[in-house]
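**Q** Starting off with a structure, shown below.
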2 protein chains.
Amino acid sequence: MAKTLTAGVFSSFKVNEKSAHPAYRQLYQELRASILSGRLPSGARLPATRVLADDLGVSRNTILSAFTLLIDEGYVVSKVGAGSFVAHQIPEDNQIPRRGHASDAASGEAAWPLADHELSQRGRALARMSFSSGPSNPAAFTPDVPAYDAFPLDLWGKIISKAWRNISSDVLGYVDPAGYWPLRVAIARHVRAGRMVDCKPEQVIVTSGSQQSFDLLARLLLDPGDAVWIEEPGYLGSRAAMLAAGARVVPVPVDAEGLNVAEGIRIESSPRMVVVSPSRQYPLGMTLSPDRREQLLELSKSTRAWIIEDDYDSEYRYSGQPLPAIQSMDKQGRVIYLGTFSKSLLPAFRLGYLIVPKFLLQGVSTAKAIMDRHPPILEQIALQEFMEKGYFASHIRRMRHLYAERKNTLVTTLRSLLPPEVPVIDAASGMHIVVMLPNGADDMLLSRLLSDNGVIARPLSPYYLTEEVKSGLLLGFAAVPPAGLVAASKRFANIVTEYLSSENLIEPAELTEVATQ
Amino acid sequence: MAKTLTAGVFSSFKVNEKSAHPAYRQLYQELRASILSGRLPSGARLPATRVLADDLGVSRNTILSAFTLLIDEGYVVSKVGAGSFVAHQIPEDNQIPRRGHASDAASGEAAWPLADHELSQRGRALARMSFSSGPSNPAAFTPDVPAYDAFPLDLWGKIISKAWRNISSDVLGYVDPAGYWPLRVAIARHVRAGRMVDCKPEQVIVTSGSQQSFDLLARLLLDPGDAVWIEEPGYLGSRAAMLAAGARVVPVPVDAEGLNVAEGIRIESSPRMVVVSPSRQYPLGMTLSPDRREQLLELSKSTRAWIIEDDYDSEYRYSGQPLPAIQSMDKQGRVIYLGTFSKSLLPAFRLGYLIVPKFLLQGVSTAKAIMDRHPPILEQIALQEFMEKGYFASHIRRMRHLYAERKNTLVTTLRSLLPPEVPVIDAASGMHIVVMLPNGADDMLLSRLLSDNGVIARPLSPYYLTEEVKSGLLLGFAAVPPAGLVAASKRFANIVTEYLSSENLIEPAELTEVATQ
């Protein structure tokens, strides 16, 4: 039987009359934060809306609107005749659930209710942190996916065929958990040349992508309760892995120079680990300044904190010179460098890598072996060939030009269509830009409106953990050719300006202007 | 600076004069057990041999012999001028370390010493539980690997080439963490037909092999300290995953009927999980009897214990009819069925699966997504095609005949060569047999002797966790053609009989007899 929460749980909630957000939205945010933090446990029954309305001194409509939003987004499940319950699977990245068999089954009778004692405490935390995989066929503006249309599928097909034809029997069984040796050599060469990373091939560990890299490091280096700095806003995959390991995540704000190290020290002076995206902050896109890099290394020197350098798409830089990896400046062996082929090639290959200090090699290989022994061999051999023959470097070069063109098209088009209250932040690197929204704009609602009209624009607010949320939309530009970006930009601008205008966040005149174009 | 242990740590140790084992061997076993249990922490410095000899009242030679054995096996590292230390990576499965870059790097200067505070407490436990991947090129009698020489490599090559040629762009990005839907349908059909498993395709979760399946279940279903029954002796991979999750593993002895449930209840009456290999006990090979299956289901009904049914190589049965999976008898949704393609096809593909009750589907997919998102897509598509077209079923049939022939050759040859004190246990299924050794025979020493002579025979004793260890050798028969098995059998019989005879465990006459054949 699910536990029913008393209205007392929410008694600390007060409507802020000065807020730009309406009351229902404030209540929604309070409840969502309580669910994400685990204060409202999954499976718990929410109080009846009448009871809650009386208790909080707000209208029942306010409660209903907040609940409806939570139900729409999957944080709460409503069961006819039984009330509303905190969902077992929380859509942390707030993507639109995929249609398919998994969700059919999950919404089926058998999937509900999952009594709390079925999973372990750790398991419930894990299940609560779910993130969905997003739409499988990229549309404008799916972020985080490369240009499938420009990937050399035929060439890759030839390489895997040849690799399999020549496969030697000593790699058909269980192989080195640290990865296929020639691939480790090729990766070491790549990061040394491209990112000034200081490493030998034996320091390279091939993983099944960044998500596994984060999960592995969290388990190997953290104990439950250990403090981990994460960027605010920051990447959801690393946050989920840290939370799954029982770490205490400490959101540290980013500013124009990236992670604000001084502010972080003020909040938590002795983190056990810092997860940072220095080449290109995820999701906002700034570069971590040289000063901040020095400060981070100083911190790690004095506290022995691990620095996890997430260099997820450093390959694509459109202006200026990239700074060398922090790893290259580290004299203490405290920086672990994390790379992936999901952005530079395709997510489907599930290949990434870690560059670790030598003394961690044994521990990391062992953890990898216990987690899943080793990545499949064929992709490793094929990738090595792809790198060795120069195809990788030339693919990166081609994509850099292609993405620069797509990005410029998108930025120029959007700037011509959007009012000045909606600034389009250009990107010096990476695969998405951010469109900022005026204070008070509900980016999650807007994202759903856009999605209903066939435009994918991921909301910025879920990347924040604290209340200091900025409203915006992430627009990926890599996956779709310019014509598609332009067409979608028009629909995007219309919907955004119409929404902002209806909320009195921009002048109605501006809407008319856009609509008549 | 490493902690130095005082001799007092070992003061409880007394040489047992009645033991069949010499004093050095007893001390070695005591130290090894203390290291494996973590009582002697990794990196700790052992007392000087003179000090220890005085303290324990044994000769310094006894101490030296015990230390030498521990160093040979990788439990202890000796550093010139600094003393002997408990190793950071413990070779739990006692395989011969592979030569290669990983171990070169690990033995290099930078790899030593790893101060204890570098890893988290959980990380140290993980690193300590290492298992190596074994020799990469299977020789007689590498266990746990299929016949690479009989795998249809050309056919598989054609299938992957075609799968890649026809690949659709909606699977090039991030896909369903539960696996490729058509493959889930094919697996459901396979286990329904072959193992009477009661499931729908949505209950199938594709994993990166059994090791990941165990790791995933341990993290999702167990909290640190939870009791887990494991078989004694039992599979090292599942044991490592349970220990890595902080579980309290409870070794429960097996007898002719498999896992002794009544004995288990006596030791720990309310386990949170039971890990069992009912079709073919690993490593001894018996089938779990129908009575015991009933008892297990009763236990799980009354205690809500999860039953993890490890059906790792049920495909290969040479005599009698297989019993249906326990999962098929479960009315409570407490049995999770675990399958792998590492034995039926090749380990290199890194594909396995879980069949879970419907209410666990969301939790398991979420855990999988946080661990590594999903397995690579190409192998999944290729395997689906391989199953769909009937190639899988015919490959299994072919291998069953081939393995039966190889097994019969090996059993017959060994029985003709070995004395009656060394019984050869025939197998009704699977890919290895067990040769039992007389009490007092040191199977680890013998395994090393054999390995020095080019014969792989994995010792039985490391599969035990308690002191009730049986001595024996596991001989794989699947990977090598009959002629190779016969040749290796002769060397094997010579070395074994010579060793046993020199230890006075068999009559010397028998040695002569073998030697003159």
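Naming works like this for the structure tokens: A, B, ... for the chains as they're shown, residue 1 at the start of each chain, ligands 1 onward in shown order.
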Which residues are near region 171-173 of chain B? Cut-off 10 Å, only C-alpha atoms, ignore same chain within fewer than 5 positions. Put them as a PyMOL selection string.
**A** (chain A and resi 133-138+144-146+148+342-343+345-350) or (chain B and resi 180+376-378+381)
**Q** Could you write out that same residue set with N, CA, C and O atoms as a CSV table (one decimal), in the first residue's frame?
**A**
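To be explicit, this is the file written out as out23.csv:
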```csv
chain,number,residue,atom,x,y,z
A,133,SER,N,15.7,8.3,-24.0
A,133,SER,CA,16.7,8.4,-25.1
A,133,SER,C,16.4,9.4,-26.1
A,133,SER,O,17.2,9.7,-27.0
A,134,GLY,N,15.2,10.1,-26.0
A,134,GLY,CA,14.9,11.1,-27.0
A,134,GLY,C,14.4,10.5,-28.3
A,134,GLY,O,14.4,9.3,-28.5
A,135,PRO,N,13.9,11.4,-29.2
A,135,PRO,CA,13.3,10.9,-30.5
A,135,PRO,C,14.4,10.2,-31.2
A,135,PRO,O,15.6,10.6,-31.3
A,136,SER,N,14.1,9.0,-31.9
A,136,SER,CA,15.1,8.3,-32.5
A,136,SER,C,15.5,8.8,-33.9
A,136,SER,O,16.6,8.7,-34.4
A,137,ASN,N,14.5,9.5,-34.6
A,137,ASN,CA,14.8,10.1,-35.9
A,137,ASN,C,15.0,11.6,-35.7
A,137,ASN,O,14.0,12.2,-35.4
A,138,PRO,N,16.2,12.1,-35.8
A,138,PRO,CA,16.5,13.5,-35.5
A,138,PRO,C,15.7,14.4,-36.4
A,138,PRO,O,15.7,14.2,-37.6
A,144,ASP,N,22.6,17.2,-29.5
A,144,ASP,CA,23.5,16.1,-29.1
A,144,ASP,C,23.6,15.0,-30.1
A,144,ASP,O,24.1,13.9,-29.8
A,145,VAL,N,23.1,15.2,-31.4
A,145,VAL,CA,23.3,14.1,-32.3
A,145,VAL,C,24.0,14.7,-33.6
A,145,VAL,O,23.7,15.8,-34.0
A,146,PRO,N,24.9,13.9,-34.2
A,146,PRO,CA,25.6,14.4,-35.3
A,146,PRO,C,24.8,14.3,-36.6
A,146,PRO,O,23.6,13.8,-36.6
A,148,TYR,N,23.6,12.4,-39.3
A,148,TYR,CA,23.6,11.0,-39.9
A,148,TYR,C,23.7,11.1,-41.4
A,148,TYR,O,24.3,10.1,-42.0
A,342,SER,N,30.6,9.4,-29.7
A,342,SER,CA,29.2,9.5,-30.0
A,342,SER,C,28.9,10.8,-30.8
A,342,SER,O,28.0,10.9,-31.6
A,343,LYS,N,29.7,11.9,-30.5
A,343,LYS,CA,29.5,13.1,-31.2
A,343,LYS,C,30.3,13.2,-32.5
A,343,LYS,O,29.9,13.6,-33.5
A,345,LEU,N,31.5,10.7,-34.2
A,345,LEU,CA,31.1,9.7,-35.2
A,345,LEU,C,29.6,9.4,-35.1
A,345,LEU,O,28.8,10.2,-35.6
A,346,LEU,N,29.2,8.4,-34.4
A,346,LEU,CA,27.8,8.1,-34.2
A,346,LEU,C,27.5,7.6,-32.8
A,346,LEU,O,28.3,6.8,-32.3
A,347,PRO,N,26.4,7.9,-32.1
A,347,PRO,CA,26.1,7.3,-30.8
A,347,PRO,C,26.0,5.8,-30.9
A,347,PRO,O,26.3,5.1,-29.9
A,348,ALA,N,25.5,5.3,-32.1
A,348,ALA,CA,25.2,3.8,-32.2
A,348,ALA,C,26.4,3.0,-31.9
A,348,ALA,O,26.3,1.8,-31.5
A,349,PHE,N,27.7,3.5,-32.1
A,349,PHE,CA,28.8,2.6,-31.9
A,349,PHE,C,29.1,2.4,-30.4
A,349,PHE,O,29.8,1.4,-30.0
A,350,ARG,N,28.6,3.2,-29.5
A,350,ARG,CA,28.8,3.1,-28.1
A,350,ARG,C,30.3,3.0,-27.7
A,350,ARG,O,30.7,2.0,-27.1
B,180,TYR,N,17.1,-3.7,-28.9
B,180,TYR,CA,16.5,-3.6,-30.2
B,180,TYR,C,15.2,-4.5,-30.3
B,180,TYR,O,15.3,-5.7,-30.0
B,376,PRO,N,25.7,-1.6,-28.4
B,376,PRO,CA,25.8,-1.2,-29.8
B,376,PRO,C,24.7,-1.9,-30.7
B,376,PRO,O,24.3,-3.0,-30.4
B,377,ILE,N,24.3,-1.1,-31.7
B,377,ILE,CA,23.1,-1.6,-32.4
B,377,ILE,C,23.5,-2.7,-33.5
B,377,ILE,O,22.6,-3.6,-33.7
B,378,LEU,N,24.6,-2.6,-34.1
B,378,LEU,CA,24.9,-3.5,-35.2
B,378,LEU,C,24.9,-5.0,-34.8
B,378,LEU,O,24.2,-5.8,-35.4
B,381,ILE,N,21.3,-6.1,-34.4
B,381,ILE,CA,20.5,-6.3,-35.6
B,381,ILE,C,21.0,-7.7,-36.3
B,381,ILE,O,20.2,-8.5,-36.7
```
**Q** Write out as JSON, numbers by chain which residues come within 8 Å of Leu259 (chain B) when counting only C-alpha atoms, dropping same-chain ones fewer than 5 positions away.
**A** {"B": [231, 252, 253, 254, 276, 288, 292]}
**Q** So which residues touch Leu119 (chain A) within 12 Å, counting only C-alpha atoms, skipping near sequence neighbours fewer than 2 positions away, as a ChimeraX atom specification?
**A** /A:42-43,88,114-117,121-128 /B:217-223,272-273,304-306,334,359-364,367
**Q** The selected residues should be written to file as an mmCIF file, in the first residue's frame (atoms: C-alpha atoms).
**A**
```
data_model
loop_
_atom_site.group_PDB
_atom_site.id
_atom_site.type_symbol
_atom_site.label_atom_id
_atom_site.label_comp_id
_atom_site.auth_asym_id
_atom_site.auth_seq_id
_atom_site.Cartn_x
_atom_site.Cartn_y
_atom_site.Cartn_z
ATOM 1 C CA SER A 42 8.419 7.566 -5.633
ATOM 2 C CA GLY A 43 5.135 5.757 -5.216
ATOM 3 C CA HIS A 88 8.388 5.548 -10.221
ATOM 4 C CA LEU A 114 5.544 -1.170 -8.005
ATOM 5 C CA ALA A 115 5.571 -1.545 -4.255
ATOM 6 C CA ASP A 116 8.414 0.360 -2.667
ATOM 7 C CA HIS A 117 10.021 -2.729 -1.217
ATOM 8 C CA GLN A 121 16.998 1.838 -1.640
ATOM 9 C CA ARG A 122 19.817 2.310 -4.127
ATOM 10 C CA GLY A 123 17.626 0.778 -6.836
ATOM 11 C CA ARG A 124 14.813 3.234 -6.170
ATOM 12 C CA ALA A 125 17.264 6.119 -6.447
ATOM 13 C CA LEU A 126 18.529 4.651 -9.721
ATOM 14 C CA ALA A 127 15.063 4.129 -11.158
ATOM 15 C CA ARG A 128 14.006 7.620 -10.153
ATOM 16 C CA LEU B 217 20.708 -6.617 -10.799
ATOM 17 C CA ALA B 218 23.034 -6.229 -7.834
ATOM 18 C CA ARG B 219 22.823 -2.447 -8.028
ATOM 19 C CA LEU B 220 19.094 -2.291 -8.654
ATOM 20 C CA LEU B 221 17.963 -4.886 -6.148
ATOM 21 C CA LEU B 222 20.529 -4.868 -3.341
ATOM 22 C CA ASP B 223 21.616 -2.421 -0.704
ATOM 23 C CA ARG B 272 17.423 -10.818 -0.215
ATOM 24 C CA MET B 273 18.619 -12.691 -3.303
ATOM 25 C CA ARG B 304 10.303 -12.237 -1.068
ATOM 26 C CA ALA B 305 13.883 -13.193 -1.994
ATOM 27 C CA TRP B 306 14.799 -12.626 -5.643
ATOM 28 C CA ARG B 334 10.424 -13.233 -8.109
ATOM 29 C CA PHE B 359 6.938 -4.489 -12.938
ATOM 30 C CA LEU B 360 10.760 -4.403 -13.015
ATOM 31 C CA LEU B 361 11.024 -3.404 -16.646
ATOM 32 C CA GLN B 362 11.170 0.331 -16.060
ATOM 33 C CA GLY B 363 13.702 0.049 -13.254
ATOM 34 C CA VAL B 364 15.947 -2.292 -15.219
ATOM 35 C CA ALA B 367 19.548 1.280 -14.633
#
```
**Q** Contacts of Ala478 (chain B) at 9 Å or less, counting only C-alpha atoms, minus same-chain residues fewer than 5 places along, as a VMD selection string?
**A** chain B and resid 141 to 148 399 402 to 404 406 to 407 430 to 432
**Q** For each of B:Arg458, B:Gly472, B:Gln332, B:Glu385, take the minimum atom-to-atom distance to Ala163 (chain B), counting only C-alpha atoms, then give the residue where this is smallest.
**A**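 Of B:Arg458, B:Gly472, B:Gln332, B:Glu385, the one nearest Ala163 (chain B) is B:Glu385, counting only C-alpha atoms.
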**Q** If you run DSSP on this backbone, which residues of region 124-306 of chain B come out as alpha helix (DSSP H), and could you give them as a ChimeraX atom specification?
**A** /B:124-128,153-165,181-195,210-221,236-244,261-267,290-303
**Q** For CA of Arg25 (chain B) and CA of Pro41 (chain B), determine how far apart the two atoms are, in Å to one decimal place.
**A**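 About the pair CA of Arg25 (chain B) and CA of Pro41 (chain B): they are 20.9 Å apart.
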**Q** Which residues are close to Leu414 (chain A), i.e. within 12 Å by only C-alpha atoms, leaving aside same-chain residues fewer than 6 positions away? Reply as a ChimeraX atom specification.
**A** /A:407-408,420,422-426,433-436,475,477,485-494,496-497,514
**Q** Print the selection's residues with N, CA, C and O atoms to a file, as an mmCIF file, in the first residue's frame.
**A**
```cif
data_model
loop_
_atom_site.group_PDB
_atom_site.id
_atom_site.type_symbol
_atom_site.label_atom_id
_atom_site.label_comp_id
_atom_site.auth_asym_id
_atom_site.auth_seq_id
_atom_site.Cartn_x
_atom_site.Cartn_y
_atom_site.Cartn_z
ATOM 1 N N LYS A 407 25.145 25.913 -38.526
ATOM 2 C CA LYS A 407 25.017 26.807 -37.377
ATOM 3 C C LYS A 407 24.778 28.244 -37.849
ATOM 4 O O LYS A 407 23.881 28.930 -37.331
ATOM 5 N N ASN A 408 25.555 28.705 -38.826
ATOM 6 C CA ASN A 408 25.405 30.081 -39.304
ATOM 7 C C ASN A 408 24.017 30.309 -39.890
ATOM 8 O O ASN A 408 23.390 31.336 -39.644
ATOM 9 N N PRO A 420 14.167 41.233 -29.943
ATOM 10 C CA PRO A 420 15.396 41.415 -29.155
ATOM 11 C C PRO A 420 15.300 40.819 -27.751
ATOM 12 O O PRO A 420 16.327 40.506 -27.153
ATOM 13 N N VAL A 422 14.533 37.979 -27.107
ATOM 14 C CA VAL A 422 14.843 36.556 -27.225
ATOM 15 C C VAL A 422 16.202 36.404 -27.907
ATOM 16 O O VAL A 422 16.287 36.100 -29.097
ATOM 17 N N PRO A 423 17.275 36.644 -27.159
ATOM 18 C CA PRO A 423 18.601 36.611 -27.786
ATOM 19 C C PRO A 423 19.024 35.205 -28.188
ATOM 20 O O PRO A 423 18.761 34.238 -27.488
ATOM 21 N N VAL A 424 19.663 35.146 -29.331
ATOM 22 C CA VAL A 424 20.190 33.874 -29.837
ATOM 23 C C VAL A 424 21.679 33.851 -29.532
ATOM 24 O O VAL A 424 22.433 34.685 -30.027
ATOM 25 N N ILE A 425 22.094 32.906 -28.680
ATOM 26 C CA ILE A 425 23.503 32.854 -28.279
ATOM 27 C C ILE A 425 24.269 32.012 -29.290
ATOM 28 O O ILE A 425 24.058 30.805 -29.396
ATOM 29 N N ASP A 426 25.154 32.633 -30.000
ATOM 30 C CA ASP A 426 25.948 31.906 -30.993
ATOM 31 C C ASP A 426 26.918 30.963 -30.265
ATOM 32 O O ASP A 426 27.225 31.158 -29.092
ATOM 33 N N ILE A 433 22.949 25.533 -30.212
ATOM 34 C CA ILE A 433 22.971 26.901 -29.693
ATOM 35 C C ILE A 433 21.865 27.015 -28.650
ATOM 36 O O ILE A 433 21.043 26.112 -28.505
ATOM 37 N N VAL A 434 21.880 28.127 -27.915
ATOM 38 C CA VAL A 434 20.848 28.351 -26.909
ATOM 39 C C VAL A 434 20.111 29.644 -27.240
ATOM 40 O O VAL A 434 20.731 30.652 -27.577
ATOM 41 N N VAL A 435 18.786 29.579 -27.188
ATOM 42 C CA VAL A 435 17.957 30.775 -27.314
ATOM 43 C C VAL A 435 17.445 31.099 -25.915
ATOM 44 O O VAL A 435 16.792 30.261 -25.291
ATOM 45 N N MET A 436 17.792 32.293 -25.415
ATOM 46 C CA MET A 436 17.369 32.655 -24.061
ATOM 47 C C MET A 436 15.956 33.240 -24.114
ATOM 48 O O MET A 436 15.576 33.898 -25.088
ATOM 49 N N LEU A 475 18.846 24.394 -29.138
ATOM 50 C CA LEU A 475 18.547 24.007 -30.520
ATOM 51 C C LEU A 475 19.773 23.362 -31.159
ATOM 52 O O LEU A 475 20.805 24.004 -31.342
ATOM 53 N N PHE A 477 21.923 21.950 -34.209
ATOM 54 C CA PHE A 477 21.988 22.347 -35.624
ATOM 55 C C PHE A 477 22.739 21.338 -36.477
ATOM 56 O O PHE A 477 22.803 21.459 -37.696
ATOM 57 N N LEU A 485 16.523 23.522 -41.414
ATOM 58 C CA LEU A 485 16.708 24.436 -40.284
ATOM 59 C C LEU A 485 15.922 25.729 -40.509
ATOM 60 O O LEU A 485 15.296 26.255 -39.588
ATOM 61 N N VAL A 486 15.944 26.208 -41.745
ATOM 62 C CA VAL A 486 15.240 27.458 -42.053
ATOM 63 C C VAL A 486 13.735 27.270 -41.887
ATOM 64 O O VAL A 486 13.048 28.071 -41.240
ATOM 65 N N ALA A 487 13.209 26.186 -42.441
ATOM 66 C CA ALA A 487 11.768 25.922 -42.348
ATOM 67 C C ALA A 487 11.341 25.816 -40.887
ATOM 68 O O ALA A 487 10.349 26.409 -40.461
ATOM 69 N N ALA A 488 12.105 25.066 -40.109
ATOM 70 C CA ALA A 488 11.743 24.871 -38.709
ATOM 71 C C ALA A 488 11.914 26.169 -37.921
ATOM 72 O O ALA A 488 11.179 26.430 -36.964
ATOM 73 N N SER A 489 12.883 27.003 -38.325
ATOM 74 C CA SER A 489 13.101 28.274 -37.638
ATOM 75 C C SER A 489 11.869 29.159 -37.727
ATOM 76 O O SER A 489 11.509 29.859 -36.782
ATOM 77 N N LYS A 490 11.222 29.138 -38.884
ATOM 78 C CA LYS A 490 10.030 29.978 -39.063
ATOM 79 C C LYS A 490 8.917 29.528 -38.121
ATOM 80 O O LYS A 490 8.301 30.342 -37.432
ATOM 81 N N ARG A 491 8.665 28.217 -38.093
ATOM 82 C CA ARG A 491 7.643 27.710 -37.178
ATOM 83 C C ARG A 491 8.025 28.023 -35.737
ATOM 84 O O ARG A 491 7.206 28.448 -34.923
ATOM 85 N N PHE A 492 9.298 27.826 -35.436
ATOM 86 C CA PHE A 492 9.803 28.087 -34.088
ATOM 87 C C PHE A 492 9.538 29.536 -33.687
ATOM 88 O O PHE A 492 8.989 29.823 -32.627
ATOM 89 N N ALA A 493 9.929 30.478 -34.554
ATOM 90 C CA ALA A 493 9.798 31.899 -34.230
ATOM 91 C C ALA A 493 8.332 32.285 -34.047
ATOM 92 O O ALA A 493 7.975 33.027 -33.124
ATOM 93 N N ASN A 494 7.476 31.758 -34.899
ATOM 94 C CA ASN A 494 6.051 32.049 -34.766
ATOM 95 C C ASN A 494 5.500 31.584 -33.423
ATOM 96 O O ASN A 494 4.803 32.321 -32.734
ATOM 97 N N VAL A 496 7.113 30.781 -30.657
ATOM 98 C CA VAL A 496 7.747 31.433 -29.507
ATOM 99 C C VAL A 496 7.196 32.845 -29.315
ATOM 100 O O VAL A 496 6.816 33.230 -28.208
ATOM 101 N N THR A 497 7.135 33.604 -30.405
ATOM 102 C CA THR A 497 6.665 34.991 -30.252
ATOM 103 C C THR A 497 5.190 35.012 -29.867
ATOM 104 O O THR A 497 4.766 35.817 -29.031
ATOM 105 N N VAL A 514 6.290 39.364 -37.143
ATOM 106 C CA VAL A 514 6.789 38.042 -37.521
ATOM 107 C C VAL A 514 5.764 37.305 -38.384
ATOM 108 O O VAL A 514 6.077 36.741 -39.417
#
```
**Q** Measuring atom to atom with only C-alpha atoms, identify which of A:Asp372, A:Asp330, A:Asp291, A:Glu232 is nearest to chain B.
**A** A:Asp372
**Q** Between CA of Glu507 (chain B) and CA of Pro419 (chain B), what is the distance, to one decimal in Å?
**A** 9.2 Å
**Q** Calculate how many Å separate CA of Lys301 (chain A) from CA of Thr287 (chain A), rounding to one decimal.
**A**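 We find that CA of Lys301 (chain A) and CA of Thr287 (chain A) lie 22.0 Å from each other.
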**Q** Extract, using only C-alpha atoms, all DNA, RNA and protein residues at most 7 Å from region 149-157 of chain B, discarding same-chain residues fewer than 4 positions from it, and format them as a ChimeraX atom specification.
**A** /A:161,164-165 /B:161
**Q** Among region 170-416 of chain B, which residues carry a DSSP assignment of strand (DSSP E), reported as a ChimeraX atom specification?
**A** /B:204-207,227-232,248-255,258-259,273-276,306-310,335-340,352-355
**Q** Within 10 Å of Arg195 (chain A), counting only C-alpha atoms, which residues show up once you throw out same-chain ones fewer than 6 positions away? Write them as a short mmCIF file (atom, residue, chain, number, x, y, z; two decimals) with N, CA and C atoms, in the first residue's frame, please.
**A**
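Saved result, part_15.cif, follows:
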```
data_model
loop_
_atom_site.label_atom_id
_atom_site.label_comp_id
_atom_site.auth_asym_id
_atom_site.auth_seq_id
_atom_site.Cartn_x
_atom_site.Cartn_y
_atom_site.Cartn_z
N ARG A 189 47.33 8.88 -29.63
CA ARG A 189 47.90 9.76 -30.64
C ARG A 189 46.94 10.92 -30.92
N SER A 279 36.10 22.69 -22.30
CA SER A 279 36.22 23.15 -23.69
C SER A 279 34.95 23.82 -24.14
N ASP A 311 35.33 16.22 -22.11
CA ASP A 311 35.67 16.92 -23.37
C ASP A 311 34.80 16.36 -24.48
N SER A 314 34.86 18.52 -28.20
CA SER A 314 35.90 19.49 -28.48
C SER A 314 36.33 19.47 -29.94
N GLU A 315 35.98 18.39 -30.65
CA GLU A 315 36.42 18.29 -32.05
C GLU A 315 35.85 19.41 -32.92
N PRO A 322 41.32 26.29 -29.70
CA PRO A 322 40.93 25.64 -28.45
C PRO A 322 42.06 25.73 -27.43
N LEU A 323 41.70 25.85 -26.16
CA LEU A 323 42.72 25.74 -25.11
C LEU A 323 43.11 24.27 -24.98
N PRO A 324 44.35 24.00 -24.61
CA PRO A 324 44.72 22.60 -24.37
C PRO A 324 43.87 22.03 -23.23
N ALA A 325 43.75 20.72 -23.18
CA ALA A 325 43.00 20.08 -22.10
C ALA A 325 43.61 20.43 -20.74
N ILE A 326 42.78 20.53 -19.71
CA ILE A 326 43.30 20.75 -18.35
C ILE A 326 44.28 19.63 -18.00
N GLN A 327 43.96 18.43 -18.47
CA GLN A 327 44.82 17.28 -18.19
C GLN A 327 46.27 17.58 -18.50
N SER A 328 46.51 18.40 -19.55
CA SER A 328 47.89 18.67 -19.98
C SER A 328 48.63 19.57 -18.98
#
```
**Q** When you count only C-alpha atoms, which of these residues is closest to Leu460 (chain B): B:Pro233, B:Phe67, B:Ser34, B:Asp310?
**A** B:Pro233
**Q** Which is closer to Arg32 (chain A) than all the others in A:Leu465, A:Val197, A:Leu216, A:Ala441, using only C-alpha atoms?
**A**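 When distances to Arg32 (chain A) are compared using only C-alpha atoms, the smallest one comes from A:Leu465.
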